[in-house]
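Engineer: Sharing a structure below in C-alpha cells format, with a few things to ask.
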Amino acid sequence: MSSPDNNSENNPKSNEYEAVETRRNLLKLGLGAGVILVVGGIGAVAKSLISPGAQPSGSSTASGATGNSTQTGSYPPPTTPGFPVILVANIADLEEDSAVNFNYPLEETPNILIKLGQASTGGVGPDSDIVAFSQICQHLGCIYGFIPPGSSPNCNGSYTASGPLGYCCCHGSVYDLVNGAKVIGGPAPRSVPQVILSFDSATGNIYATGMTSPCIFGHDTGSNDVSNDLQGGTLVG
C-alpha cells in the first residue's frame, strides 16, 4: 500500500489551511494600511491645530485696511473677538514723538499712535516702543493731546512733560503713555484704553486688532467689558 500523498493538490485540509492563511494575511495588510491612513490623518489635523496661522506671505488682506495691507504667515489673528483689523500706519512713516491720529474701533472714536523711543507697556515694533490709545479723556470725554518729553501743552505753559504724556486741557488730566496710560495727574478716574497693535515685520505695517479695558469713555463708562466699545456708532472698515 502506498503512503499518503502530502501534496496540497490531493489534501483538502491543506488547501483549506492555505486559504485561511491567505485571508488572514490580507486582513493584516488591510488593517496596517488603515492604521497608516488614520495616523497620517491625525498628524495632519494636529499640525493644522498647532500652527493655525501659518500662511504663505500675501495670502490674506486685513479687513478694513487701506494701502499695503497684505498679511504674512507670521501675522496673528485679531486679539479681541468682534473687533475689526485695520492698517494704521507703516513703521517707515513714523517719526519719534509725533502722533498719528486714526479712528478705531468706531468711526466716532479717535485714537493716537506714537513711536515713543523707549520700550513701553503693550508696545510693538523692533524696539517695542510703538503704542496707541483712545484719545477720549476718561474724566468727562474731552479730547486730550500728546505732549513729548520736555514740552508743554498749549493750554498750560507752566507744565513741562517729564516723559511722553497725554495731557487733557479741559481739566488737567495727565496720562503716562509709557506705562499703559496710567493716570499721573488730574481728575481722570482711570487710564484710557489702549489699542492692541500687531506689527508685521515683513512689511513694516502696524495693525489695530482690539482694545484693552476699561471701556472707551461713554461706552458703558468704567466697565471692563470691551464689547461695549463696539456699540453706539459705526465700525471702521
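Numbering starts fresh at 1 for the residues of each chain in the C-alpha cells, the chains themselves are lettered A, B, ... in the order given, and ligands are numbered from 1 as they appear.
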Residues of range 76-109 of chain A within 12 Å of range 120-132 of chain A: nearest atom pair and distance (Å, one decimal) for each, counting only C-alpha atoms, sorted by chain and number, as a Markdown table?

Structural biologist:
```
| residue | atom | partner | partner_atom | distance |
| --- | --- | --- | --- | --- |
| A:Val88 | CA | A:Ala132 | CA | 9.8 |
| A:Ala89 | CA | A:Ile130 | CA | 10.6 |
| A:Asn90 | CA | A:Gly125 | CA | 10.3 |
| A:Ile91 | CA | A:Gly125 | CA | 7.8 |
| A:Ala92 | CA | A:Gly125 | CA | 11.0 |
| A:Leu94 | CA | A:Ile130 | CA | 9.2 |
| A:Glu95 | CA | A:Ile130 | CA | 10.5 |
| A:Glu96 | CA | A:Ile130 | CA | 9.2 |
| A:Asp97 | CA | A:Ile130 | CA | 10.0 |
| A:Ser98 | CA | A:Ile130 | CA | 10.9 |
| A:Ala99 | CA | A:Ala132 | CA | 9.1 |
| A:Val100 | CA | A:Ala132 | CA | 8.9 |
| A:Asn101 | CA | A:Ala132 | CA | 9.3 |
| A:Phe102 | CA | A:Ala132 | CA | 9.6 |
| A:Asn103 | CA | A:Ala132 | CA | 10.9 |
| A:Tyr104 | CA | A:Ala132 | CA | 10.4 |
```

Engineer: Give me every helix (DSSP H, G or I) residue in range 68-233 of chain A, going by DSSP on the backbone, as a ChimeraX atom specification.

Structural biologist: /A:91-93,177-179,226-230

Engineer: Those selected residues, please, written with N, CA and C atoms and delivered as a compact mmCIF listing (two decimals), in the first residue's frame.

Structural biologist:
```txt
# COMPACT_ATOMS: atom_id res chain seq x y z
N ILE A 91 5.76 101.51 9.74
CA ILE A 91 6.83 101.98 10.62
C ILE A 91 7.77 102.96 9.92
N ALA A 92 7.91 102.80 8.60
CA ALA A 92 8.80 103.69 7.85
C ALA A 92 8.29 105.12 7.83
N ASP A 93 7.00 105.31 8.08
CA ASP A 93 6.41 106.64 8.03
C ASP A 93 6.32 107.32 9.40
N LEU A 177 2.01 107.59 28.96
CA LEU A 177 1.84 106.71 27.80
C LEU A 177 2.87 105.59 27.73
N VAL A 178 3.97 105.70 28.47
CA VAL A 178 4.96 104.62 28.52
C VAL A 178 4.43 103.46 29.36
N ASN A 179 3.63 103.78 30.35
CA ASN A 179 3.14 102.77 31.29
C ASN A 179 1.64 102.55 31.17
N VAL A 226 -15.09 95.07 27.10
CA VAL A 226 -14.71 95.88 25.94
C VAL A 226 -15.64 95.69 24.75
N SER A 227 -16.54 94.71 24.82
CA SER A 227 -17.50 94.56 23.73
C SER A 227 -18.40 95.79 23.64
N ASN A 228 -18.52 96.54 24.74
CA ASN A 228 -19.31 97.77 24.73
C ASN A 228 -18.69 98.84 23.83
N ASP A 229 -17.39 98.74 23.57
CA ASP A 229 -16.73 99.70 22.69
C ASP A 229 -17.26 99.62 21.26
N LEU A 230 -17.90 98.52 20.93
CA LEU A 230 -18.39 98.31 19.58
C LEU A 230 -19.81 98.82 19.39
```

Engineer: Excluding range 106-111 of chain A and any residue of its chain fewer than 2 positions from it, enumerate the residues within 10 Å of it, using only C-alpha atoms, and give them as an MDAnalysis selection string.

Structural biologist: chainID A and resid 83:84 99:104 113 132:136 143:144 193:195 216:217 229:237

Engineer: Applying 9 Å and only C-alpha atoms, which residues near Ser191 in chain A remain after dropping the ones on its own chain fewer than 4 positions away? List them as a list of chain:residue names.

Structural biologist: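 Listed by chain and then number, they are A:Cys137, A:Gln138, A:Tyr175, A:Asp176, A:Gly180, A:Ala181, A:Lys182, A:Val183, A:Ser213, A:Pro214.
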
Engineer: Which of these residues is nearest to Asn154 in chain A, using only C-alpha atoms: A:Cys168, A:Leu140, A:Leu116, A:Leu87?

Structural biologist: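 The shortest atom-to-atom distance to Asn154 in chain A comes from A:Cys168.
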
Engineer: State, in Å with one decimal place, the distance from CA of Cys170 in chain A to CA of Gly141 in chain A.

Structural biologist: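 Going from CA of Cys170 in chain A over to CA of Gly141 in chain A, I get 9.4 Å.
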
Engineer: Find the distance between CA of Asp220 in chain A and CA of Gly82 in chain A and write it in Å to one decimal.

Structural biologist: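 Rounded to one decimal, the two atoms are 17.1 Å apart.
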
Engineer: Which neighbours of Gly150 in chain A fall inside 9 Å, counting only C-alpha atoms, when residues of the same chain fewer than 2 positions from it are skipped, and could you give them as JSON, numbers by chain?

Structural biologist: {"A": [147, 148, 152, 160, 161, 162, 163, 164]}

Engineer: Write the residues of the selection above to a file with C-alpha atoms, as a PDB file, in the first residue's frame.

Structural biologist:
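File produced: result-v7.pdb:
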```
ATOM      1  CA  ILE A 147       2.953 116.003  24.864  1.00  0.00           C
ATOM      2  CA  PRO A 148       6.543 114.943  24.009  1.00  0.00           C
ATOM      3  CA  SER A 152       4.354 121.947  27.396  1.00  0.00           C
ATOM      4  CA  THR A 160       6.621 120.579  31.408  1.00  0.00           C
ATOM      5  CA  ALA A 161       6.250 116.923  30.457  1.00  0.00           C
ATOM      6  CA  SER A 162       8.701 114.631  32.246  1.00  0.00           C
ATOM      7  CA  GLY A 163       8.122 111.946  29.599  1.00  0.00           C
ATOM      8  CA  PRO A 164       5.773 111.176  26.716  1.00  0.00           C
TER       9      PRO A 164
END
```

Engineer: Any idea what the distance is between CA of His139 in chain A and CA of Ser173 in chain A?

Structural biologist: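 Interatomic distance here is 7.6 Å.
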
Engineer: For Pro81 in chain A, which of A:Gly172, A:Gly210, A:Gly204, A:Gly157 is the closest residue, counting only C-alpha atoms?

Structural biologist: A:Gly210
